[in-house]
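Visitor: One file is attached below, input.pdb, containing PDB, C-alpha atoms.
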ATOM      1  CA  MET A  12      -5.280 -18.087  13.616
ATOM      2  CA  PHE A  13      -6.700 -14.681  12.838
ATOM      3  CA  HIS A  14      -8.060 -13.834   9.412
ATOM      4  CA  GLY A  15      -9.546 -10.625   8.138
ATOM      5  CA  GLN A  16      -8.286  -7.069   8.280
ATOM      6  CA  VAL A  17      -4.940  -6.614  10.003
ATOM      7  CA  GLU A  18      -4.845  -3.717  12.453
ATOM      8  CA  GLY A  19      -2.091  -1.183  11.919
ATOM      9  CA  THR A  20      -2.093  -1.555   8.142
ATOM     10  CA  GLU A  21      -3.974   1.588   7.259
ATOM     11  CA  ILE A  22      -3.116   3.234   3.971
ATOM     12  CA  VAL A  23      -0.783   6.231   4.125
ATOM     13  CA  VAL A  24      -1.175   8.288   0.957
ATOM     14  CA  LEU A  25       1.937  10.245  -0.016
ATOM     15  CA  ASP A  26       0.466  11.631  -3.223
ATOM     16  CA  PRO A  27      -3.183  12.766  -3.495
ATOM     17  CA  ARG A  28      -3.468  11.158  -6.936
ATOM     18  CA  PHE A  29      -3.450   7.795  -5.212
ATOM     19  CA  LYS A  30      -6.472   8.419  -2.996
ATOM     20  CA  LYS A  31      -8.883   7.238  -5.667
ATOM     21  CA  CYS A  32      -7.420   3.730  -5.511
ATOM     22  CA  PHE A  33      -8.695   2.920  -2.026
ATOM     23  CA  ALA A  34     -11.753   3.304   0.131
ATOM     24  CA  GLY A  35     -10.947   4.941   3.457
ATOM     25  CA  HIS A  36     -11.537   1.810   5.534
ATOM     26  CA  VAL A  37      -9.199  -0.448   3.553
ATOM     27  CA  ARG A  38      -6.595  -2.503   5.418
ATOM     28  CA  VAL A  39      -4.451  -5.491   4.517
ATOM     29  CA  GLU A  40      -6.623  -8.605   4.802
ATOM     30  CA  ARG A  41      -4.894 -11.734   6.057
ATOM     31  CA  LEU A  42      -6.095 -14.724   4.035
ATOM     32  CA  TRP A  43      -3.822 -17.402   5.513
ATOM     33  CA  THR A  44      -0.817 -17.861   7.788
ATOM     34  CA  GLY A  45       1.565 -20.757   8.375
ATOM     35  CA  ALA A  46       4.341 -20.467   5.812
ATOM     36  CA  ARG A  47       7.955 -20.411   6.856
ATOM     37  CA  TRP A  48       8.701 -18.093   3.944
ATOM     38  CA  ALA A  49       5.999 -17.236   1.387
ATOM     39  CA  GLU A  50       7.020 -16.159  -2.136
ATOM     40  CA  GLY A  51       5.938 -16.216  -5.764
ATOM     41  CA  PRO A  52       2.128 -15.821  -5.850
ATOM     42  CA  ALA A  53       0.468 -16.675  -9.173
ATOM     43  CA  TRP A  54      -3.251 -16.096  -9.821
ATOM     44  CA  PHE A  55      -5.197 -18.490 -12.077
ATOM     45  CA  ALA A  56      -8.227 -16.493 -13.172
ATOM     46  CA  ALA A  57     -10.084 -19.367 -14.872
ATOM     47  CA  GLY A  58     -10.003 -21.558 -11.781
ATOM     48  CA  ARG A  59     -10.123 -18.658  -9.322
ATOM     49  CA  TYR A  60      -7.244 -19.963  -7.250
ATOM     50  CA  LEU A  61      -3.882 -18.671  -6.094
ATOM     51  CA  VAL A  62      -0.665 -20.708  -6.009
ATOM     52  CA  TRP A  63       2.458 -19.670  -4.116
ATOM     53  CA  SER A  64       5.754 -21.067  -2.821
ATOM     54  CA  ASP A  65       6.777 -21.830   0.756
ATOM     55  CA  ILE A  66      10.477 -22.085  -0.066
ATOM     56  CA  PRO A  67      12.195 -23.585   3.026
ATOM     57  CA  ASN A  68       9.279 -25.968   3.609
ATOM     58  CA  ASN A  69       9.811 -27.217   0.031
ATOM     59  CA  ARG A  70       6.161 -27.008  -0.907
ATOM     60  CA  MET A  71       3.659 -24.991  -2.901
ATOM     61  CA  MET A  72       0.293 -23.943  -1.522
ATOM     62  CA  ARG A  73      -3.059 -23.103  -3.101
ATOM     63  CA  LEU A  74      -6.015 -20.978  -2.023
ATOM     64  CA  VAL A  75      -9.341 -21.505  -3.806
ATOM     65  CA  GLU A  76     -12.068 -18.883  -4.052
ATOM     66  CA  PRO A  77     -14.762 -18.331  -2.974
ATOM     67  CA  SER A  78     -14.267 -20.779  -0.087
ATOM     68  CA  ASP A  79     -10.775 -19.432   0.757
ATOM     69  CA  LYS A  80      -9.744 -23.013   1.479
ATOM     70  CA  VAL A  81      -5.970 -23.482   1.559
ATOM     71  CA  SER A  82      -4.245 -26.787   0.857
ATOM     72  CA  VAL A  83      -0.884 -28.103  -0.306
ATOM     73  CA  PHE A  84      -0.604 -27.804  -4.076
ATOM     74  CA  ARG A  85       2.733 -29.628  -4.429
ATOM     75  CA  GLU A  86       5.003 -31.373  -1.942
ATOM     76  CA  ARG A  87       8.729 -31.584  -2.718
ATOM     77  CA  SER A  88       8.532 -28.567  -4.983
ATOM     78  CA  ASN A  89      12.312 -28.331  -5.405
ATOM     79  CA  ASN A  90      12.361 -25.212  -3.233
ATOM     80  CA  SER A  91      10.293 -23.354  -5.806
ATOM     81  CA  ASN A  92      10.431 -19.576  -5.668
ATOM     82  CA  GLY A  93       8.871 -17.321  -8.316
ATOM     83  CA  ASN A  94       5.796 -18.447 -10.251
ATOM     84  CA  SER A  95       3.785 -17.046 -13.116
ATOM     85  CA  VAL A  96       0.997 -18.059 -15.494
ATOM     86  CA  ASP A  97       1.790 -18.218 -19.193
ATOM     87  CA  ASN A  98      -0.505 -17.149 -22.011
ATOM     88  CA  GLN A  99      -1.954 -20.656 -22.235
ATOM     89  CA  GLY A 100      -2.881 -20.756 -18.554
ATOM     90  CA  ARG A 101      -0.011 -23.015 -17.449
ATOM     91  CA  LEU A 102       2.106 -22.609 -14.334
ATOM     92  CA  VAL A 103       5.733 -21.591 -14.917
ATOM     93  CA  THR A 104       8.076 -21.929 -11.941
ATOM     94  CA  CYS A 105      11.606 -21.043 -10.842
ATOM     95  CA  GLU A 106      13.159 -23.883  -8.812
ATOM     96  CA  HIS A 107      16.126 -23.328  -6.500
ATOM     97  CA  LEU A 108      16.989 -26.929  -5.648
ATOM     98  CA  THR A 109      17.155 -28.139  -9.250
ATOM     99  CA  ARG A 110      18.388 -24.758 -10.545
ATOM    100  CA  ARG A 111      15.917 -24.685 -13.409
ATOM    101  CA  VAL A 112      12.759 -23.143 -14.884
ATOM    102  CA  THR A 113       9.848 -25.535 -15.405
ATOM    103  CA  ARG A 114       6.304 -25.535 -16.748
ATOM    104  CA  THR A 115       3.421 -27.557 -15.316
ATOM    105  CA  GLU A 116       1.362 -28.863 -18.214
ATOM    106  CA  ILE A 117      -2.431 -29.114 -18.236
ATOM    107  CA  ASP A 118      -2.201 -32.852 -17.469
ATOM    108  CA  GLY A 119       0.029 -32.180 -14.445
ATOM    109  CA  SER A 120       3.297 -33.320 -15.985
ATOM    110  CA  ILE A 121       6.345 -31.076 -15.618
ATOM    111  CA  THR A 122       8.452 -29.873 -18.531
ATOM    112  CA  VAL A 123      11.961 -28.515 -17.984
ATOM    113  CA  LEU A 124      12.253 -25.303 -19.985
ATOM    114  CA  ALA A 125      15.798 -24.270 -19.072
ATOM    115  CA  ASP A 126      18.502 -25.412 -16.667
ATOM    116  CA  LYS A 127      21.765 -24.262 -18.290
ATOM    117  CA  TRP A 128      23.357 -21.352 -20.102
ATOM    118  CA  ASN A 129      26.349 -22.032 -22.333
ATOM    119  CA  GLY A 130      26.545 -25.536 -20.894
ATOM    120  CA  LYS A 131      26.733 -24.363 -17.271
ATOM    121  CA  ARG A 132      24.024 -24.729 -14.630
ATOM    122  CA  PHE A 133      22.099 -21.691 -13.483
ATOM    123  CA  ASN A 134      22.626 -20.430  -9.951
ATOM    124  CA  SER A 135      19.022 -20.603  -8.702
ATOM    125  CA  PRO A 136      16.306 -19.051 -10.884
ATOM    126  CA  ASN A 137      14.357 -16.666  -8.704
ATOM    127  CA  ASP A 138      11.541 -14.769 -10.426
ATOM    128  CA  LEU A 139      10.081 -14.591 -13.921
ATOM    129  CA  VAL A 140       7.608 -12.918 -16.210
ATOM    130  CA  VAL A 141       5.977 -14.178 -19.416
ATOM    131  CA  LYS A 142       5.753 -11.715 -22.301
ATOM    132  CA  SER A 143       2.862 -11.609 -24.797
ATOM    133  CA  ASP A 144       5.062 -13.311 -27.426
ATOM    134  CA  ASP A 145       5.428 -16.278 -25.004
ATOM    135  CA  SER A 146       9.079 -15.545 -24.237
ATOM    136  CA  ILE A 147      10.031 -16.050 -20.592
ATOM    137  CA  TRP A 148      12.333 -13.566 -18.861
ATOM    138  CA  PHE A 149      13.824 -14.680 -15.542
ATOM    139  CA  THR A 150      16.349 -13.653 -12.915
ATOM    140  CA  ASP A 151      19.138 -15.877 -11.590
ATOM    141  CA  PRO A 152      20.750 -14.698  -8.348
ATOM    142  CA  ALA A 153      22.655 -17.158  -6.161
ATOM    143  CA  TYR A 154      20.401 -17.234  -3.102
ATOM    144  CA  GLY A 155      19.451 -20.883  -3.621
ATOM    145  CA  ILE A 156      23.067 -22.081  -3.637
ATOM    146  CA  ASP A 157      24.421 -19.759  -0.932
ATOM    147  CA  THR A 158      23.204 -22.115   1.821
ATOM    148  CA  ASP A 159      21.129 -25.271   2.262
ATOM    149  CA  TYR A 160      18.172 -23.298   3.636
ATOM    150  CA  GLU A 161      16.427 -22.712   0.310
ATOM    151  CA  GLY A 162      18.256 -25.162  -1.951
ATOM    152  CA  ASP A 163      21.626 -26.948  -1.964
ATOM    153  CA  GLN A 164      24.790 -25.036  -1.186
ATOM    154  CA  ALA A 165      27.065 -25.127  -4.220
ATOM    155  CA  PRO A 166      29.582 -22.988  -6.115
ATOM    156  CA  GLU A 167      28.486 -20.834  -9.015
ATOM    157  CA  GLU A 168      29.207 -22.345 -12.412
ATOM    158  CA  ILE A 169      28.424 -19.297 -14.526
ATOM    159  CA  GLY A 170      30.339 -16.850 -12.364
ATOM    160  CA  GLY A 171      27.711 -14.145 -12.278
ATOM    161  CA  CYS A 172      24.063 -13.404 -11.568
ATOM    162  CA  HIS A 173      22.226 -12.509 -14.760
ATOM    163  CA  VAL A 174      18.798 -11.996 -16.293
ATOM    164  CA  TYR A 175      17.868 -14.349 -19.124
ATOM    165  CA  ARG A 176      15.358 -14.574 -21.939
ATOM    166  CA  LEU A 177      13.999 -17.955 -23.020
ATOM    167  CA  ASP A 178      12.922 -17.998 -26.660
ATOM    168  CA  PRO A 179       9.485 -19.646 -27.020
ATOM    169  CA  LYS A 180      10.198 -21.202 -30.424
ATOM    170  CA  SER A 181      13.813 -22.342 -30.319
ATOM    171  CA  GLY A 182      14.194 -22.783 -26.573
ATOM    172  CA  ALA A 183      17.435 -20.786 -26.741
ATOM    173  CA  VAL A 184      18.496 -18.942 -23.594
ATOM    174  CA  ASP A 185      20.183 -15.545 -23.899
ATOM    175  CA  ALA A 186      21.598 -13.332 -21.158
ATOM    176  CA  VAL A 187      19.952  -9.907 -21.455
ATOM    177  CA  VAL A 188      21.317  -8.248 -18.278
ATOM    178  CA  THR A 189      24.811  -9.146 -17.058
ATOM    179  CA  ASP A 190      25.711  -6.210 -14.798
ATOM    180  CA  ALA A 191      23.351  -6.870 -11.879
ATOM    181  CA  VAL A 192      24.635  -7.974  -8.470
ATOM    182  CA  ARG A 193      21.603  -9.979  -7.326
ATOM    183  CA  PRO A 194      18.769  -9.604  -9.875
ATOM    184  CA  ASN A 195      15.456 -10.394  -8.230
ATOM    185  CA  GLY A 196      11.917  -9.187  -9.046
ATOM    186  CA  ILE A 197      11.064  -8.582 -12.701
ATOM    187  CA  ALA A 198       8.058  -7.231 -14.626
ATOM    188  CA  PHE A 199       7.056  -5.481 -17.858
ATOM    189  CA  SER A 200       5.156  -2.242 -18.270
ATOM    190  CA  PRO A 201       1.597  -2.744 -19.583
ATOM    191  CA  ASP A 202       2.648  -1.991 -23.182
ATOM    192  CA  GLU A 203       5.808  -4.114 -22.768
ATOM    193  CA  LYS A 204       7.987  -1.226 -23.932
ATOM    194  CA  PHE A 205       9.875  -1.290 -20.637
ATOM    195  CA  LEU A 206      11.177  -3.948 -18.285
ATOM    196  CA  TYR A 207      11.661  -3.258 -14.589
ATOM    197  CA  LEU A 208      14.250  -5.186 -12.554
ATOM    198  CA  ALA A 209      14.890  -5.245  -8.810
ATOM    199  CA  ASP A 210      18.487  -5.725  -7.673
ATOM    200  CA  THR A 211      18.913  -6.850  -4.052
ATOM    201  CA  GLY A 212      22.707  -6.909  -4.156
ATOM    202  CA  ALA A 213      22.891  -5.145  -0.778
ATOM    203  CA  THR A 214      22.382  -8.583   0.808
ATOM    204  CA  HIS A 215      25.856  -9.644  -0.334
ATOM    205  CA  LYS A 216      27.787  -6.470  -1.068
ATOM    206  CA  GLU A 217      28.475  -3.535   1.220
ATOM    207  CA  ASP A 218      26.750  -0.494  -0.220
ATOM    208  CA  GLY A 219      25.322  -2.818  -2.861
ATOM    209  CA  PRO A 220      22.206  -2.050  -4.890
ATOM    210  CA  LYS A 221      18.734  -1.995  -3.383
ATOM    211  CA  HIS A 222      16.831  -0.482  -6.242
ATOM    212  CA  ILE A 223      14.618  -1.041  -9.278
ATOM    213  CA  ARG A 224      16.068  -0.388 -12.722
ATOM    214  CA  LYS A 225      14.199   0.457 -15.930
ATOM    215  CA  PHE A 226      15.170  -0.952 -19.332
ATOM    216  CA  ALA A 227      13.804  -0.203 -22.795
ATOM    217  CA  VAL A 228      12.688  -3.357 -24.593
ATOM    218  CA  GLN A 229      13.836  -3.737 -28.195
ATOM    219  CA  GLY A 230      12.609  -7.115 -29.373
ATOM    220  CA  ALA A 231      14.739  -9.715 -27.620
ATOM    221  CA  ARG A 232      17.222  -7.133 -26.330
ATOM    222  CA  LEU A 233      17.291  -4.446 -23.651
ATOM    223  CA  SER A 234      18.865  -1.007 -23.478
ATOM    224  CA  GLY A 235      19.186   1.627 -20.790
ATOM    225  CA  GLY A 236      18.935   0.243 -17.285
ATOM    226  CA  GLU A 237      18.952   3.464 -15.278
ATOM    227  CA  VAL A 238      17.906   3.361 -11.634
ATOM    228  CA  PHE A 239      14.165   3.962 -11.477
ATOM    229  CA  ALA A 240      13.631   3.853  -7.701
ATOM    230  CA  GLU A 241      15.887   3.429  -4.678
ATOM    231  CA  SER A 242      14.620   1.632  -1.580
ATOM    232  CA  THR A 243      14.980   3.640   1.605
ATOM    233  CA  ALA A 244      13.851   0.809   3.895
ATOM    234  CA  GLY A 245      15.067  -2.707   3.267
ATOM    235  CA  LEU A 246      14.941  -4.075  -0.264
ATOM    236  CA  PHE A 247      12.565  -4.213  -3.206
ATOM    237  CA  ASP A 248      11.845  -7.895  -3.846
ATOM    238  CA  GLY A 249       9.080  -9.303  -6.024
ATOM    239  CA  PHE A 250       6.696  -6.863  -7.708
ATOM    240  CA  ARG A 251       4.154  -6.503 -10.461
ATOM    241  CA  VAL A 252       2.829  -3.680 -12.651
ATOM    242  CA  ASP A 253      -0.910  -3.125 -12.886
ATOM    243  CA  THR A 254      -2.835  -2.053 -15.994
ATOM    244  CA  ALA A 255      -2.414   1.624 -15.063
ATOM    245  CA  GLY A 256       1.382   1.270 -14.994
ATOM    246  CA  ARG A 257       1.728   1.378 -11.209
ATOM    247  CA  ILE A 258       4.446  -0.819  -9.700
ATOM    248  CA  TRP A 259       3.305  -2.735  -6.614
ATOM    249  CA  THR A 260       6.417  -3.759  -4.768
ATOM    250  CA  SER A 261       7.725  -4.730  -1.338
ATOM    251  CA  ALA A 262       9.899  -3.029   1.272
ATOM    252  CA  ALA A 263      10.739  -3.283   4.958
ATOM    253  CA  ASP A 264       8.278  -0.587   6.036
ATOM    254  CA  GLY A 265       5.328  -1.566   3.866
ATOM    255  CA  ARG A 266       4.524  -2.128   0.209
ATOM    256  CA  PRO A 267       5.211   1.013  -1.811
ATOM    257  CA  CYS A 268       3.329   1.688  -4.991
ATOM    258  CA  LEU A 269       5.410   3.574  -7.559
ATOM    259  CA  ARG A 270       4.114   5.461 -10.557
ATOM    260  CA  SER A 271       5.915   5.207 -13.871
ATOM    261  CA  ARG A 272       7.259   8.738 -13.333
ATOM    262  CA  ARG A 273       9.443   7.615 -10.401
ATOM    263  CA  ASP A 274       7.402   9.106  -7.565
ATOM    264  CA  ALA A 275       6.325   6.925  -4.640
ATOM    265  CA  ASP A 276       2.565   7.247  -4.192
ATOM    266  CA  ARG A 277       1.917   5.567  -0.885
ATOM    267  CA  GLN A 278       2.847   2.887   1.573
ATOM    268  CA  ASP A 279       0.799   0.736   3.890
ATOM    269  CA  PRO A 280       2.912   0.442   7.068
ATOM    270  CA  ASP A 281       3.225  -3.040   8.513
ATOM    271  CA  PRO A 282       5.784  -4.357  11.007
ATOM    272  CA  ARG A 283       6.281  -7.447   8.842
ATOM    273  CA  ALA A 284       8.470  -6.901   5.836
ATOM    274  CA  GLY A 285       6.717  -7.609   2.560
ATOM    275  CA  ARG A 286       8.307 -10.204   0.297
ATOM    276  CA  GLN A 287       6.233 -10.439  -2.845
ATOM    277  CA  CYS A 288       3.341  -8.764  -4.599
ATOM    278  CA  ARG A 289       1.157  -9.983  -7.449
ATOM    279  CA  VAL A 290      -1.691  -8.133  -9.168
ATOM    280  CA  ARG A 291      -4.551 -10.363 -10.235
ATOM    281  CA  ARG A 292      -5.380 -10.034 -13.915
ATOM    282  CA  ASP A 293      -9.129 -10.100 -13.498
ATOM    283  CA  GLU A 294      -9.382  -7.623 -10.631
ATOM    284  CA  THR A 295      -7.506  -4.644  -9.202
ATOM    285  CA  GLN A 296      -6.620  -6.541  -6.042
ATOM    286  CA  PRO A 297      -2.911  -6.882  -5.287
ATOM    287  CA  VAL A 298      -2.035 -10.071  -3.442
ATOM    288  CA  VAL A 299       0.603  -9.302  -0.815
ATOM    289  CA  HIS A 300       2.919 -11.942   0.622
ATOM    290  CA  LEU A 301       4.421 -11.341   4.031
ATOM    291  CA  ARG A 302       7.127 -13.562   5.523
ATOM    292  CA  HIS A 303       4.711 -16.088   7.011
ATOM    293  CA  ASP A 304       1.285 -14.937   5.798
ATOM    294  CA  PHE A 305      -0.366 -13.728   2.684
ATOM    295  CA  GLY A 306      -3.097 -11.208   2.278
ATOM    296  CA  SER A 307      -4.697  -8.779  -0.132
ATOM    297  CA  ILE A 308      -5.556  -5.127  -0.500
ATOM    298  CA  ARG A 309      -8.809  -4.329  -2.262
ATOM    299  CA  CYS A 310      -8.511  -1.400  -4.649
ATOM    300  CA  THR A 311     -11.175   0.592  -6.437
TER     301      THR A 311
END
Starting from the coordinates I provided, produce the structure as structure tokens.

Guide:
Amino acid sequence: MFHGQVEGTEIVVLDPRFKKCFAGHVRVERLWTGARWAEGPAWFAAGRYLVWSDIPNNRMMRLVEPSDKVSVFRERSNNSNGNSVDNQGRLVTCEHLTRRVTRTEIDGSITVLADKWNGKRFNSPNDLVVKSDDSIWFTDPAYGIDTDYEGDQAPEEIGGCHVYRLDPKSGAVDAVVTDAVRPNGIAFSPDEKFLYLADTGATHKEDGPKHIRKFAVQGARLSGGEVFAESTAGLFDGFRVDTAGRIWTSAADGRPCLRSRRDADRQDPDPRAGRQCRVRRDETQPVVHLRHDFGSIRCT
């Protein structure tokens, strides 16, 4: 299998302000290939390793630096999807098969954080973000129960696809967005004053949403929710916001980077549709997940 820079992934700058982010020779670098469907990258800075989900293969993988060795991190991962690292350095995971959000403790044991809302099972938690106050905000579309491919086919119990907040002290789960069709990727702005949410409802509804919305954060509640960016090629899926406020997201024709003022800065064209993007906390190096591979783009 080929590793290294991927030909045809040159950077196309749509706004000159973005030129300073890349050296002219930069391309997407393939770090590994072999997943059936790669999602949910999470970077552990202390151990210098990356964990991600291979959903249909029901496993999680890990790449360790500086050797770049890849191995299976967890077999029978309950069709895990989105992952993140909490403020204590622990892995937090959305699981489709078990329809729950879990945390992997330092000793390797797994704690169930949430699996129901108002006594009814979630659909299939998809992606999540941990706020500085330790609250966990996660999306719950129905992709994991639509078919047996990435979970177990089952009817919805809640009757809607919502965004939830898990209180770190009480463990209470509150619905904070209830008007999304298929809420998907989720992330905060660097100052946590805003929350961005991708809605991929176009997969299930004709003329459905394929955009990112922007909400104002007011403690444990949200307001606003106007459309921040509309995808013109495929769907926005997982994304993250870097320390400069840029949104690194995915789309069918590359991985757009959006500034907080709504304008798309650039794309890096690639015939493979991007699925997920994660920005490492210790470096300005977005980790890009393609359908079967994952790679990175080195920024300056």

Visitor: Would you mind telling me which residue in A:Asp202, A:Glu50, A:Glu106, A:Asp178 lies nearest to A:Asp65 when using all atoms listed in the file?

Guide: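 The closest residue to A:Asp65 is A:Glu50.
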
Visitor: The PyMOL selection byres ((chain A and resi 231-238) around 12) - which residues does that actually catch in the file I just gave you? List them as number ranges by chain.

Guide: A: 142, 144-148, 174-179, 183-191, 199, 203-210, 220-230, 239-242, 273

Visitor: Which residue out of A:Ala198, A:Lys180, A:Val75, A:Arg70 has the minimum interatomic distance to A:Leu124 when all atoms listed in the file are used?

Guide: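 Nearest candidate to A:Leu124 out of A:Ala198, A:Lys180, A:Val75, A:Arg70: A:Lys180.
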
Visitor: In Å, rounded to a single decimal, give me how far atom CA of A:Ala244 is from atom CA of A:Pro67.

Guide: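 A separation of 24.5 Å between them.
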
Visitor: As a check of understanding, name the residues that the PyMOL selection byres ((chain A and resi 164) around 12) selects in the supplied structure, as a VMD selection string.

Guide: chain A and resid 107 to 110 134 to 135 153 to 163 165 to 167

Visitor: Could you check how far atom CA of A:Cys32 sits from atom CA of A:Arg251, in Å to one decimal?

Guide: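 Taking atom CA of A:Cys32 as the start and atom CA of A:Arg251 as the end point, the length is 16.2 Å.
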
Visitor: Need to verify the contact set: A:Asn137, 6 Å, all atoms listed in the file, exclusion of same-chain residues closer than 4 positions in sequence. Can you return it as a list in words?

Guide: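 Skipping anything fewer than 4 positions along the chain leaves Asn92, Gly93, Cys105, Thr150 and Asp151 of chain A.
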
Visitor: Just C-alpha atoms for this one: save the residues we selected as a short mmCIF file (atom, residue, chain, number, x, y, z; two decimals), keeping the file's coordinate frame.

Guide:
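Saved result, result03.cif, follows:
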data_model
loop_
_atom_site.label_atom_id
_atom_site.label_comp_id
_atom_site.auth_asym_id
_atom_site.auth_seq_id
_atom_site.Cartn_x
_atom_site.Cartn_y
_atom_site.Cartn_z
CA ASN A 92 10.43 -19.58 -5.67
CA GLY A 93 8.87 -17.32 -8.32
CA CYS A 105 11.61 -21.04 -10.84
CA THR A 150 16.35 -13.65 -12.92
CA ASP A 151 19.14 -15.88 -11.59
#

Visitor: Box for stretch 232-249 of chain A: with edges along x, y and z, all listed atoms inside and 3 Å added on each side, what are the centre and edge lengths in Å to one decimal, as JSON?

Guide:
{"center_x": 14.1, "center_y": -2.7, "center_z": -11.2, "size_x": 16.1, "size_y": 19.3, "size_z": 36.2}

Visitor: Find, counting only C-alpha atoms, the residue in A:Thr243, A:Asn69, A:Ser64, A:Thr115 that gets nearest to A:Ser261.

Guide: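 Looking only at the distances to A:Ser261, the closest residue turns out to be A:Thr243.
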
Visitor: For a test of reading the model, state the distance in Å between atom CA of A:Lys80 and atom CA of A:Trp259, rounded to one decimal.

Guide: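 Separation between atom CA of A:Lys80 and atom CA of A:Trp259: 25.4 Å.
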
Visitor: Using the chain letters and numbers from the file, give me the residues hit by the PyMOL selection byres ((chain A and resi 102) around 9), as a ChimeraX atom specification.

Guide: /A:53,55,62,94-97,100-101,103-104,113-117

Visitor: Using only C-alpha atoms, can you tell me which of A:Val37, A:Cys172, A:Val81, A:Leu74 comes closest to A:Pro52?

Guide: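 Answer, going by the shortest atom-to-atom distance: A:Leu74.
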
Visitor: Between A:Arg257, A:Lys30, A:Arg85, A:Arg111, which residue has the minimum interatomic distance to A:Ala125, considering all atoms listed in the file?

Guide: A:Arg111

Visitor: Identify which of the residues A:Ile169, A:Ala49, A:Gly58, A:Phe247 lies closest to A:Asp264, counting all atoms listed in the file when measuring atom-to-atom distances.

Guide: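 For A:Asp264, the nearest of the given residues is A:Phe247.
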